[in-house]
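Here's entry_2.cif, which has mmCIF, C-alpha atoms:
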```cif
data_work
loop_
_atom_site.group_PDB
_atom_site.id
_atom_site.type_symbol
_atom_site.label_atom_id
_atom_site.label_comp_id
_atom_site.auth_asym_id
_atom_site.auth_seq_id
_atom_site.Cartn_x
_atom_site.Cartn_y
_atom_site.Cartn_z
ATOM 1 C CA MET A 16 122.727 110.242 151.976
ATOM 2 C CA ALA A 17 123.320 111.135 148.301
ATOM 3 C CA PHE A 18 122.311 107.621 147.261
ATOM 4 C CA ILE A 19 119.049 107.847 149.232
ATOM 5 C CA LEU A 20 118.205 111.245 147.733
ATOM 6 C CA ASP A 21 118.887 109.908 144.248
ATOM 7 C CA LEU A 22 116.479 107.000 144.821
ATOM 8 C CA LEU A 23 113.807 109.288 146.258
ATOM 9 C CA ILE A 24 113.870 112.276 143.906
ATOM 10 C CA GLY A 25 116.191 111.429 141.023
ATOM 11 C CA ASP A 26 116.877 114.394 138.760
ATOM 12 C CA PRO A 27 114.227 117.113 139.198
ATOM 13 C CA LYS A 28 113.327 118.321 135.701
ATOM 14 C CA ASN A 29 112.829 121.945 136.765
ATOM 15 C CA LEU A 30 116.376 122.244 138.120
ATOM 16 C CA PRO A 31 119.520 122.587 135.986
ATOM 17 C CA HIS A 32 121.707 119.480 135.899
ATOM 18 C CA PRO A 33 125.533 119.647 135.903
ATOM 19 C CA VAL A 34 125.637 117.436 132.792
ATOM 20 C CA GLN A 35 123.643 120.092 130.912
ATOM 21 C CA PHE A 36 126.356 122.663 131.602
ATOM 22 C CA MET A 37 129.016 120.155 130.578
ATOM 23 C CA GLY A 38 127.089 119.527 127.373
ATOM 24 C CA VAL A 39 126.946 123.232 126.545
ATOM 25 C CA VAL A 40 130.720 123.599 126.980
ATOM 26 C CA ILE A 41 131.379 120.453 124.934
ATOM 27 C CA SER A 42 129.075 121.552 122.100
ATOM 28 C CA PHE A 43 130.640 125.019 121.917
ATOM 29 C CA SER A 44 134.180 123.615 122.075
ATOM 30 C CA LYS A 45 133.362 120.986 119.442
ATOM 31 C CA GLY A 46 132.096 123.585 116.983
ATOM 32 C CA LEU A 47 135.110 125.813 117.586
ATOM 33 C CA ALA A 48 137.578 122.934 117.193
ATOM 34 C CA GLU A 49 135.966 121.762 113.944
ATOM 35 C CA ARG A 50 136.069 125.257 112.463
ATOM 36 C CA ILE A 51 139.750 125.627 113.314
ATOM 37 C CA ALA A 52 140.921 122.104 112.468
ATOM 38 C CA LYS A 53 138.657 121.543 109.434
ATOM 39 C CA GLU A 54 139.707 118.123 108.039
ATOM 40 C CA ASN A 55 143.182 118.027 109.612
ATOM 41 C CA LYS A 56 143.318 114.849 111.723
ATOM 42 C CA SER A 57 146.232 116.005 113.886
ATOM 43 C CA LYS A 58 144.506 119.279 114.728
ATOM 44 C CA LEU A 59 141.261 117.450 115.491
ATOM 45 C CA TYR A 60 143.131 115.093 117.799
ATOM 46 C CA ILE A 61 144.792 118.037 119.606
ATOM 47 C CA GLY A 62 141.419 119.780 119.762
ATOM 48 C CA GLY A 63 139.981 116.704 121.467
ATOM 49 C CA ILE A 64 142.758 116.774 124.053
ATOM 50 C CA ILE A 65 142.065 120.450 124.758
ATOM 51 C CA ILE A 66 138.292 119.894 125.006
ATOM 52 C CA THR A 67 138.779 116.992 127.410
ATOM 53 C CA PHE A 68 141.221 118.972 129.549
ATOM 54 C CA ILE A 69 138.948 122.043 129.722
ATOM 55 C CA VAL A 70 135.700 120.194 130.476
ATOM 56 C CA VAL A 71 137.236 117.812 133.011
ATOM 57 C CA SER A 72 139.183 120.618 134.722
ATOM 58 C CA LEU A 73 136.178 122.951 134.934
ATOM 59 C CA SER A 74 134.017 120.139 136.310
ATOM 60 C CA GLY A 75 136.578 119.104 138.908
ATOM 61 C CA ILE A 76 137.288 122.688 139.995
ATOM 62 C CA SER A 77 133.543 123.470 140.239
ATOM 63 C CA GLY A 78 133.049 120.415 142.440
ATOM 64 C CA TRP A 79 136.064 121.360 144.559
ATOM 65 C CA ILE A 80 134.731 124.924 145.098
ATOM 66 C CA ILE A 81 131.342 123.577 146.222
ATOM 67 C CA GLU A 82 133.185 121.243 148.589
ATOM 68 C CA ARG A 83 135.040 124.226 150.082
ATOM 69 C CA LEU A 84 131.688 125.967 150.674
ATOM 70 C CA PHE A 85 130.226 122.836 152.245
ATOM 71 C CA LEU A 86 133.163 122.394 154.629
ATOM 72 C CA PHE A 87 132.977 126.083 155.574
ATOM 73 C CA PHE A 88 129.232 126.098 156.331
ATOM 74 C CA GLU A 89 129.235 122.619 157.872
ATOM 75 C CA THR A 90 130.526 123.987 161.161
ATOM 76 C CA LYS A 91 127.754 126.646 161.278
ATOM 77 C CA ASN A 92 124.780 124.564 160.115
ATOM 78 C CA PRO A 93 125.796 120.903 159.761
ATOM 79 C CA ILE A 94 122.343 119.465 158.993
ATOM 80 C CA LEU A 95 121.321 121.935 156.282
ATOM 81 C CA SER A 96 124.745 122.051 154.627
ATOM 82 C CA THR A 97 124.965 118.238 154.597
ATOM 83 C CA LEU A 98 121.509 117.937 153.011
ATOM 84 C CA ILE A 99 122.367 120.478 150.307
ATOM 85 C CA PHE A 100 125.727 118.861 149.609
ATOM 86 C CA ALA A 101 124.141 115.390 149.436
ATOM 87 C CA PHE A 102 121.483 116.724 147.046
ATOM 88 C CA ILE A 103 124.151 118.148 144.734
ATOM 89 C CA LEU A 104 126.188 114.951 145.015
ATOM 90 C CA SER A 105 123.133 112.860 144.092
ATOM 91 C CA SER A 106 123.127 114.556 140.668
ATOM 92 C CA SER A 107 126.103 112.330 139.809
ATOM 93 C CA LEU A 108 124.002 109.173 140.187
ATOM 94 C CA ALA A 109 121.332 107.931 137.799
ATOM 95 C CA SER A 110 119.694 105.133 139.776
ATOM 96 C CA ARG A 111 116.143 106.441 139.937
ATOM 97 C CA SER A 112 116.093 107.932 136.449
ATOM 98 C CA LEU A 113 117.388 104.677 134.908
ATOM 99 C CA ASN A 114 114.846 102.554 136.802
ATOM 100 C CA LYS A 115 111.997 104.915 135.974
ATOM 101 C CA SER A 116 112.801 104.963 132.236
ATOM 102 C CA ILE A 117 113.063 101.185 131.925
ATOM 103 C CA LEU A 118 110.030 100.405 134.104
ATOM 104 C CA GLU A 119 107.968 102.798 132.008
ATOM 105 C CA ILE A 120 108.898 100.775 128.899
ATOM 106 C CA LEU A 121 108.125 97.480 130.649
ATOM 107 C CA ASN A 122 104.721 98.739 131.777
ATOM 108 C CA LEU A 123 103.836 99.767 128.233
ATOM 109 C CA ILE A 124 104.886 96.350 126.909
ATOM 110 C CA ARG A 125 102.731 94.621 129.525
ATOM 111 C CA GLU A 126 99.593 96.386 128.296
ATOM 112 C CA GLU A 127 97.323 94.400 126.024
ATOM 113 C CA ASN A 128 97.468 96.903 123.161
ATOM 114 C CA THR A 129 101.251 96.557 122.815
ATOM 115 C CA ARG A 130 101.038 96.669 119.037
ATOM 116 C CA ASP A 131 99.319 100.054 119.137
ATOM 117 C CA ASN A 132 101.879 101.290 121.674
ATOM 118 C CA LEU A 133 104.939 99.981 119.821
ATOM 119 C CA SER A 134 105.860 103.321 118.237
ATOM 120 C CA ASN A 135 105.533 105.023 121.618
ATOM 121 C CA ILE A 136 107.675 102.324 123.262
ATOM 122 C CA ARG A 137 110.342 102.696 120.576
ATOM 123 C CA GLU A 138 110.377 106.451 121.085
ATOM 124 C CA LYS A 139 110.911 106.084 124.832
ATOM 125 C CA LEU A 140 113.590 103.448 124.254
ATOM 126 C CA SER A 141 115.457 105.792 121.896
ATOM 127 C CA LEU A 142 116.026 108.156 124.833
ATOM 128 C CA ILE A 143 118.172 105.612 126.695
ATOM 129 C CA VAL A 144 119.892 103.604 123.936
ATOM 130 C CA GLY A 145 122.201 104.525 121.071
ATOM 131 C CA ARG A 146 121.017 101.875 118.594
ATOM 132 C CA ASP A 147 118.362 102.357 115.898
ATOM 133 C CA VAL A 148 114.965 101.471 117.335
ATOM 134 C CA GLN A 149 112.481 102.135 114.522
ATOM 135 C CA HIS A 150 112.232 98.476 113.431
ATOM 136 C CA LEU A 151 112.587 96.705 116.792
ATOM 137 C CA ASP A 152 109.896 94.232 117.807
ATOM 138 C CA THR A 153 108.927 93.489 121.411
ATOM 139 C CA ASN A 154 111.645 90.872 121.920
ATOM 140 C CA GLU A 155 114.348 93.189 120.621
ATOM 141 C CA ILE A 156 113.031 96.061 122.740
ATOM 142 C CA LEU A 157 113.311 93.835 125.804
ATOM 143 C CA ARG A 158 116.849 92.823 124.829
ATOM 144 C CA ALA A 159 117.809 96.460 124.361
ATOM 145 C CA SER A 160 116.292 97.280 127.758
ATOM 146 C CA ALA A 161 118.214 94.454 129.435
ATOM 147 C CA GLU A 162 121.500 95.498 127.839
ATOM 148 C CA THR A 163 121.139 99.199 128.598
ATOM 149 C CA ALA A 164 120.034 98.429 132.177
ATOM 150 C CA SER A 165 123.232 96.409 132.616
ATOM 151 C CA GLU A 166 125.652 98.781 130.929
ATOM 152 C CA ASN A 167 124.131 101.970 132.322
ATOM 153 C CA SER A 168 124.098 100.540 135.840
ATOM 154 C CA VAL A 169 127.891 100.598 135.662
ATOM 155 C CA ASP A 170 128.237 103.866 133.728
ATOM 156 C CA GLY A 171 125.528 105.775 135.562
ATOM 157 C CA ILE A 172 125.619 104.299 139.066
ATOM 158 C CA PHE A 173 128.595 102.150 140.045
ATOM 159 C CA ALA A 174 131.356 104.109 138.301
ATOM 160 C CA PRO A 175 130.302 107.458 139.853
ATOM 161 C CA LEU A 176 129.763 105.676 143.192
ATOM 162 C CA PHE A 177 133.309 104.339 142.964
ATOM 163 C CA TRP A 178 134.734 107.830 142.386
ATOM 164 C CA ILE A 179 132.577 109.265 145.168
ATOM 165 C CA PHE A 180 134.084 106.614 147.445
ATOM 166 C CA ILE A 181 137.596 107.525 146.249
ATOM 167 C CA GLY A 182 136.985 111.221 146.946
ATOM 168 C CA THR A 183 135.598 110.398 150.393
ATOM 169 C CA PHE A 184 138.649 108.221 151.005
ATOM 170 C CA PHE A 185 140.920 111.159 150.069
ATOM 171 C CA TRP A 186 139.140 113.311 152.637
ATOM 172 C CA GLN A 187 140.056 110.911 155.412
ATOM 173 C CA PHE A 188 143.625 112.159 155.024
ATOM 174 C CA ASN A 189 143.321 115.725 153.695
ATOM 175 C CA GLN A 190 140.130 117.719 153.123
ATOM 176 C CA SER A 191 141.963 120.307 151.036
ATOM 177 C CA ILE A 192 142.301 117.958 148.082
ATOM 178 C CA PRO A 193 139.443 117.051 145.685
ATOM 179 C CA GLY A 194 136.760 115.082 147.469
ATOM 180 C CA PRO A 195 133.646 113.085 146.519
ATOM 181 C CA LEU A 196 131.880 115.751 144.455
ATOM 182 C CA ALA A 197 134.984 116.810 142.536
ATOM 183 C CA MET A 198 135.864 113.218 141.694
ATOM 184 C CA ALA A 199 132.274 112.370 140.722
ATOM 185 C CA TRP A 200 132.036 115.401 138.422
ATOM 186 C CA ILE A 201 135.390 114.585 136.847
ATOM 187 C CA PHE A 202 133.995 111.171 135.977
ATOM 188 C CA LYS A 203 130.691 112.627 134.720
ATOM 189 C CA ALA A 204 132.653 115.030 132.520
ATOM 190 C CA SER A 205 134.599 112.186 130.905
ATOM 191 C CA SER A 206 131.392 110.167 130.469
ATOM 192 C CA THR A 207 129.565 113.111 128.888
ATOM 193 C CA ILE A 208 132.436 113.788 126.496
ATOM 194 C CA ASP A 209 132.379 110.136 125.468
ATOM 195 C CA SER A 210 128.600 110.117 124.934
ATOM 196 C CA MET A 211 128.728 113.285 122.821
ATOM 197 C CA LEU A 212 132.010 112.879 120.927
ATOM 198 C CA GLY A 213 133.074 109.243 121.348
ATOM 199 C CA TYR A 214 132.001 107.973 117.932
ATOM 200 C CA LYS A 215 134.416 106.217 115.585
ATOM 201 C CA GLU A 216 133.261 108.041 112.491
ATOM 202 C CA GLY A 217 134.074 111.246 110.631
ATOM 203 C CA LYS A 218 135.793 113.996 112.558
ATOM 204 C CA LEU A 219 134.669 112.540 115.885
ATOM 205 C CA LYS A 220 137.015 109.592 115.358
ATOM 206 C CA TRP A 221 139.828 111.985 116.183
ATOM 207 C CA LEU A 222 138.052 114.729 118.135
ATOM 208 C CA GLY A 223 136.478 112.312 120.631
ATOM 209 C CA PHE A 224 139.414 109.917 120.948
ATOM 210 C CA THR A 225 140.888 111.362 124.171
ATOM 211 C CA GLY A 226 137.558 111.715 125.957
ATOM 212 C CA ALA A 227 136.548 108.163 125.039
ATOM 213 C CA LYS A 228 139.837 106.733 126.298
ATOM 214 C CA LEU A 229 139.582 108.708 129.543
ATOM 215 C CA ASP A 230 136.051 107.396 130.087
ATOM 216 C CA ASP A 231 137.255 103.833 129.424
ATOM 217 C CA LEU A 232 140.062 104.342 131.925
ATOM 218 C CA MET A 233 137.797 105.751 134.646
ATOM 219 C CA THR A 234 135.248 102.950 134.181
ATOM 220 C CA TRP A 235 137.824 100.148 133.982
ATOM 221 C CA ILE A 236 138.168 99.482 137.714
ATOM 222 C CA PRO A 237 134.474 99.974 138.665
ATOM 223 C CA SER A 238 133.298 97.560 135.948
ATOM 224 C CA ARG A 239 135.637 94.875 137.219
ATOM 225 C CA ILE A 240 134.603 95.390 140.823
ATOM 226 C CA VAL A 241 131.000 94.922 139.671
ATOM 227 C CA LEU A 242 132.124 91.718 137.929
ATOM 228 C CA ILE A 243 133.525 90.375 141.205
ATOM 229 C CA THR A 244 130.836 91.597 143.614
ATOM 230 C CA LEU A 245 127.516 91.165 141.767
ATOM 231 C CA PRO A 246 127.485 87.332 142.003
ATOM 232 C CA PHE A 247 127.327 87.681 145.802
ATOM 233 C CA CYS A 248 123.943 89.422 145.384
ATOM 234 C CA CYS A 249 122.266 86.763 143.279
ATOM 235 C CA ASN A 250 121.400 83.072 143.259
ATOM 236 C CA THR A 251 122.821 81.418 140.149
ATOM 237 C CA ARG A 252 122.862 77.821 138.937
ATOM 238 C CA GLN A 253 126.638 77.733 139.142
ATOM 239 C CA SER A 254 129.210 78.798 141.721
ATOM 240 C CA ILE A 255 130.325 82.395 142.171
ATOM 241 C CA PHE A 256 133.738 81.605 140.695
ATOM 242 C CA LYS A 257 132.228 79.947 137.612
ATOM 243 C CA THR A 258 129.815 82.863 137.150
ATOM 244 C CA ILE A 259 132.673 85.360 137.212
ATOM 245 C CA LYS A 260 134.775 83.237 134.861
ATOM 246 C CA ALA A 261 131.956 82.711 132.349
ATOM 247 C CA SER A 262 131.081 86.417 132.438
ATOM 248 C CA TRP A 263 134.701 87.369 131.844
ATOM 249 C CA ASN A 264 135.056 84.962 128.915
ATOM 250 C CA ASP A 265 131.885 86.227 127.243
ATOM 251 C CA GLY A 266 132.390 89.909 128.013
ATOM 252 C CA ILE A 267 136.062 90.374 127.207
ATOM 253 C CA VAL A 268 135.554 89.704 123.477
ATOM 254 C CA ASP A 269 133.396 92.823 123.162
ATOM 255 C CA ALA A 270 134.995 95.792 121.384
ATOM 256 C CA SER A 271 134.488 97.902 124.502
ATOM 257 C CA PRO A 272 136.827 97.120 127.424
ATOM 258 C CA ASN A 273 133.997 97.719 129.905
ATOM 259 C CA SER A 274 130.487 97.409 128.461
ATOM 260 C CA GLY A 275 130.889 93.754 127.454
ATOM 261 C CA ILE A 276 131.950 92.781 130.962
ATOM 262 C CA SER A 277 129.160 94.881 132.496
ATOM 263 C CA GLU A 278 126.504 93.236 130.344
ATOM 264 C CA ALA A 279 127.939 89.748 130.819
ATOM 265 C CA ILE A 280 127.922 89.696 134.614
ATOM 266 C CA PHE A 281 124.341 91.004 134.740
ATOM 267 C CA ALA A 282 123.342 88.491 132.050
ATOM 268 C CA TYR A 283 124.667 85.530 134.026
ATOM 269 C CA CYS A 284 123.331 86.761 137.359
ATOM 270 C CA ALA A 285 119.876 87.569 135.941
ATOM 271 C CA GLU A 286 120.006 84.465 133.731
ATOM 272 C CA VAL A 287 119.172 86.214 130.462
ATOM 273 C CA ARG A 288 120.769 86.028 127.024
ATOM 274 C CA MET A 289 122.194 89.231 125.527
ATOM 275 C CA GLY A 290 123.974 90.265 122.347
ATOM 276 C CA GLY A 291 123.089 89.890 118.686
ATOM 277 C CA VAL A 292 122.519 92.155 115.707
ATOM 278 C CA ASN A 293 122.154 95.888 116.302
ATOM 279 C CA TYR A 294 121.951 98.822 113.900
ATOM 280 C CA TYR A 295 123.575 102.188 114.568
ATOM 281 C CA LYS A 296 122.670 104.967 112.127
ATOM 282 C CA GLY A 297 121.733 102.322 109.602
ATOM 283 C CA LYS A 298 124.982 100.370 109.964
ATOM 284 C CA LYS A 299 124.810 96.741 111.039
ATOM 285 C CA LYS A 300 126.862 95.688 114.051
ATOM 286 C CA ILE A 301 126.970 92.155 115.418
ATOM 287 C CA LYS A 302 127.656 91.935 119.150
ATOM 288 C CA PRO A 303 128.873 88.653 120.653
ATOM 289 C CA ILE A 304 126.191 86.476 122.231
ATOM 290 C CA ILE A 305 126.410 86.531 126.019
ATOM 291 C CA ALA A 306 125.040 83.781 128.294
ATOM 292 C CA LYS A 307 123.653 81.918 125.264
ATOM 293 C CA SER A 308 122.427 78.989 127.384
ATOM 294 C CA TYR A 309 119.846 81.245 129.048
ATOM 295 C CA PRO A 310 116.476 82.411 127.605
ATOM 296 C CA ILE A 311 115.975 85.683 125.733
ATOM 297 C CA ALA A 312 115.049 88.831 127.636
ATOM 298 C CA SER A 313 111.611 89.077 129.210
ATOM 299 C CA ILE A 314 109.881 91.605 131.427
ATOM 300 C CA ASN A 315 110.813 89.561 134.500
ATOM 301 C CA SER A 316 114.493 89.212 133.552
ATOM 302 C CA VAL A 317 114.830 92.965 132.938
ATOM 303 C CA LYS A 318 113.265 93.574 136.345
ATOM 304 C CA ARG A 319 115.756 91.126 137.862
ATOM 305 C CA ILE A 320 118.579 93.229 136.441
ATOM 306 C CA LEU A 321 117.154 96.359 138.060
ATOM 307 C CA ASN A 322 116.724 94.559 141.391
ATOM 308 C CA LEU A 323 120.263 93.161 141.243
ATOM 309 C CA SER A 324 121.590 96.648 140.605
ATOM 310 C CA LEU A 325 119.760 97.997 143.658
ATOM 311 C CA ARG A 326 121.046 95.168 145.860
ATOM 312 C CA LEU A 327 124.610 95.758 144.735
ATOM 313 C CA GLN A 328 124.327 99.493 145.359
ATOM 314 C CA LEU A 329 123.302 98.816 148.944
ATOM 315 C CA ALA A 330 126.113 96.263 149.342
ATOM 316 C CA TRP A 331 128.696 98.725 147.995
ATOM 317 C CA ILE A 332 127.556 101.497 150.328
ATOM 318 C CA LEU A 333 127.579 99.179 153.342
ATOM 319 C CA GLY A 334 131.019 97.864 152.409
ATOM 320 C CA PHE A 335 132.459 101.339 151.953
ATOM 321 C CA PHE A 336 130.915 102.514 155.230
ATOM 322 C CA LEU A 337 132.659 99.660 157.009
ATOM 323 C CA ILE A 338 135.973 100.471 155.302
ATOM 324 C CA ILE A 339 135.764 104.116 156.393
ATOM 325 C CA LYS A 340 134.900 103.035 159.938
ATOM 326 C CA PHE A 341 137.909 100.728 159.961
ATOM 327 C CA ILE A 342 140.215 103.524 158.753
ATOM 328 C CA ASN A 343 138.994 105.831 161.508
ATOM 329 C CA LEU A 344 139.560 103.308 164.297
#
```
Would you encode the structure as structure tokens?
Amino acid sequence: MAFILDLLIGDPKNLPHPVQFMGVVISFSKGLAERIAKENKSKLYIGGIIITFIVVSLSGISGWIIERLFLFFETKNPILSTLIFAFILSSSLASRSLNKSILEILNLIREENTRDNLSNIREKLSLIVGRDVQHLDTNEILRASAETASENSVDGIFAPLFWIFIGTFFWQFNQSIPGPLAMAWIFKASSTIDSMLGYKEGKLKWLGFTGAKLDDLMTWIPSRIVLITLPFCCNTRQSIFKTIKASWNDGIVDASPNSGISEAIFAYCAEVRMGGVNYYKGKKKIKPIIAKSYPIASINSVKRILNLSLRLQLAWILGFFLIIKFINL
């Protein structure tokens, strides 16, 4: 239900999003920690631990309280309470928003006056990628779109789906413990901390260390399940086993324990080359080439990535539904 609502309505702009509240708490805590710790690395590191604990705890407790309300009202008005709960739960997923952002870029590239639109395309791309975009040409914009579609499919869709499944699984045994919403918001909290503080530079190298490691830990299993399951949703030139092995070999050399693997499996399944030179705040970073035997990114290959992501989402939901049915037999 939450997945369907996310595909249909995404994140309504006129409604507050849980991540916005997380961001406010993180920003306030960051400023406070920096004023107290100043340049002291140990204090910054401790401050990062405290920030992570506070934001993750508040997010998990908020989700747990909403779950208590849902379970209470479910007996009185099951349809309405389920719809409201599913709507809130859908805020943890980014399927529609990710597809909409990338398709908007692809549509602009397809237009004949691409050169005139290039600055506009770069501006829209900057909203979904962390790299510098001001000098990217069309080919590099397409590569960036392919890479962010792959990585963000795991970070924004499959990882929260995994934790929603875990919370639902918990509820099969005891509905008093944190369930799908609490677990999803705990993950979103760690992901938001990482996106705001997880930079290996200046004070953030120490302040964002704990949040970044927690996000890596919570994405570790989902990214590897994607690695194993995505090949079943695509038709590749090689066997499923060889696709998984090649993706692992290419992805594991990336500095990130998860993003390299996420990009690699989508690259091999969509048959598109990824990796190369990127710039972050003016600093050059060379990412390993992934699936180098395949052609560079195109509009069609980026669309294939989006379609593969949708297929895998449906496969995951069907698989989990069957698992829950089996448990309840």
Evaluate the PyMOL selection byres ((chain A and resi 276-292) around 7) against this structure - the residues, as a VMD selection string, please.
chain A and resid 158 162 165 to 166 169 238 242 246 249 251 258 to 259 262 to 263 265 to 267 273 to 275 293 to 294 299 to 307 309 to 312 316 319 to 320
Prev. selection, C-alpha atoms, output as a PDB file, in the coordinates of the input:
```
ATOM      1  CA  ARG A 158     116.849  92.823 124.829  1.00  0.00           C
ATOM      2  CA  GLU A 162     121.500  95.498 127.839  1.00  0.00           C
ATOM      3  CA  SER A 165     123.232  96.409 132.616  1.00  0.00           C
ATOM      4  CA  GLU A 166     125.652  98.781 130.929  1.00  0.00           C
ATOM      5  CA  VAL A 169     127.891 100.598 135.662  1.00  0.00           C
ATOM      6  CA  SER A 238     133.298  97.560 135.948  1.00  0.00           C
ATOM      7  CA  LEU A 242     132.124  91.718 137.929  1.00  0.00           C
ATOM      8  CA  PRO A 246     127.485  87.332 142.003  1.00  0.00           C
ATOM      9  CA  CYS A 249     122.266  86.763 143.279  1.00  0.00           C
ATOM     10  CA  THR A 251     122.821  81.418 140.149  1.00  0.00           C
ATOM     11  CA  THR A 258     129.815  82.863 137.150  1.00  0.00           C
ATOM     12  CA  ILE A 259     132.673  85.360 137.212  1.00  0.00           C
ATOM     13  CA  SER A 262     131.081  86.417 132.438  1.00  0.00           C
ATOM     14  CA  TRP A 263     134.701  87.369 131.844  1.00  0.00           C
ATOM     15  CA  ASP A 265     131.885  86.227 127.243  1.00  0.00           C
ATOM     16  CA  GLY A 266     132.390  89.909 128.013  1.00  0.00           C
ATOM     17  CA  ILE A 267     136.062  90.374 127.207  1.00  0.00           C
ATOM     18  CA  ASN A 273     133.997  97.719 129.905  1.00  0.00           C
ATOM     19  CA  SER A 274     130.487  97.409 128.461  1.00  0.00           C
ATOM     20  CA  GLY A 275     130.889  93.754 127.454  1.00  0.00           C
ATOM     21  CA  ASN A 293     122.154  95.888 116.302  1.00  0.00           C
ATOM     22  CA  TYR A 294     121.951  98.822 113.900  1.00  0.00           C
ATOM     23  CA  LYS A 299     124.810  96.741 111.039  1.00  0.00           C
ATOM     24  CA  LYS A 300     126.862  95.688 114.051  1.00  0.00           C
ATOM     25  CA  ILE A 301     126.970  92.155 115.418  1.00  0.00           C
ATOM     26  CA  LYS A 302     127.656  91.935 119.150  1.00  0.00           C
ATOM     27  CA  PRO A 303     128.873  88.653 120.653  1.00  0.00           C
ATOM     28  CA  ILE A 304     126.191  86.476 122.231  1.00  0.00           C
ATOM     29  CA  ILE A 305     126.410  86.531 126.019  1.00  0.00           C
ATOM     30  CA  ALA A 306     125.040  83.781 128.294  1.00  0.00           C
ATOM     31  CA  LYS A 307     123.653  81.918 125.264  1.00  0.00           C
ATOM     32  CA  TYR A 309     119.846  81.245 129.048  1.00  0.00           C
ATOM     33  CA  PRO A 310     116.476  82.411 127.605  1.00  0.00           C
ATOM     34  CA  ILE A 311     115.975  85.683 125.733  1.00  0.00           C
ATOM     35  CA  ALA A 312     115.049  88.831 127.636  1.00  0.00           C
ATOM     36  CA  SER A 316     114.493  89.212 133.552  1.00  0.00           C
ATOM     37  CA  ARG A 319     115.756  91.126 137.862  1.00  0.00           C
ATOM     38  CA  ILE A 320     118.579  93.229 136.441  1.00  0.00           C
TER      39      ILE A 320
END
```
Between atom CA of Tyr60 of chain A and atom CA of Leu222 of chain A, what is the spacing in Å?
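About the pair atom CA of Leu222 of chain A and atom CA of Tyr60 of chain A: they are 5.1 Å apart.
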Quick one: distance from atom CA of Thr153 of chain A to atom CA of Leu133 of chain A in Å, one decimal?
7.8 Å
Nearest to Lys58 of chain A, chosen from A:Leu219, A:Gly171, A:Phe100, A:Trp79, with all atoms listed in the file counted in the distances:
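Between A:Leu219, A:Gly171, A:Phe100, A:Trp79, the residue approaching Lys58 of chain A most closely is A:Leu219.
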Can you list, as number ranges by chain, every protein, DNA or RNA residue that comes within 8 Å of segment 324-337 of chain A when you count all atoms listed in the file, leaving out same-chain residues fewer than 5 positions away?
A: 168, 173, 180, 244-245, 248
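Applied to the file shown here, the PyMOL selection byres ((chain A and resi 34) around 8) selects the residues His32, Pro33, Gln35, Phe36, Met37, Gly38, Lys203, Ala204 and Thr207 of chain A.
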Residues picked by the PyMOL selection byres ((chain A and resi 108) around 8) here, as a list in words?
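Checking the PyMOL selection byres ((chain A and resi 108) around 8) against this file, the residues are Phe18, Asp21, Leu104, Ser105, Ser106, Ser107, Ala109, Ser110, Gly171, Ile172, Pro175 and Leu176 of chain A.
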Shortest interatomic distance to Ile201 of chain A - which of A:Ile69, A:Ile51, A:Val268, A:Ile61, counting all atoms listed in the file:
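For Ile201 of chain A, the nearest of the given residues is A:Ile69.
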Identify which of the residues A:Tyr295, A:Phe177, A:Phe224, A:Phe185 lies closest to Arg239 of chain A, counting only C-alpha atoms when measuring atom-to-atom distances.
A:Phe177
Which residues, written as a PyMOL selection string, have at least one atom at most 10 Å from Glu138 of chain A, with only C-alpha atoms counted and residues fewer than 6 positions away on the same chain left out?
chain A and resi 120+132+148-149
What separates atom CA of Ile76 of chain A and atom CA of Ile94 of chain A is a distance of 24.4 Å
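The neighbours of Lys318 of chain A here are the residues that come within 9 Å of it, using only C-alpha atoms and leaving out any residue fewer than 5 positions away in the same chain; they are Ile117, Leu118, Leu121, Ala161, Ala285, Ser313 and Leu323 of chain A.
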Select, from A:Ala174, A:Asn135, A:Glu89, A:Gln187, the residue with the minimum atom-to-atom distance to Lys340 of chain A, counting only C-alpha atoms.
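Going through A:Ala174, A:Asn135, A:Glu89, A:Gln187 one by one, the smallest distance to Lys340 of chain A is for A:Gln187.
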Between A:Ala159, A:Ile143, A:Leu98, A:Ile338, smallest distance to Ile181 of chain A by all atoms listed in the file belongs to A:Ile338
Set up a box along x, y and z of the file covering all listed atoms of segment 284-290 of chain A, add 6 Å on every one of the six sides, and write the centre and edge lengths in Å to one decimal, as lines of an AutoDock Vina configuration file.
```
center_x = 121.6
center_y = 87.4
center_z = 129.9
size_x = 16.8
size_y = 17.8
size_z = 27.0
```
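Checking A:Ser210, A:Pro195, A:Phe87, A:Leu113 one by one against Gly145 of chain A, counting only C-alpha atoms, you find the shortest gap at A:Ser210.
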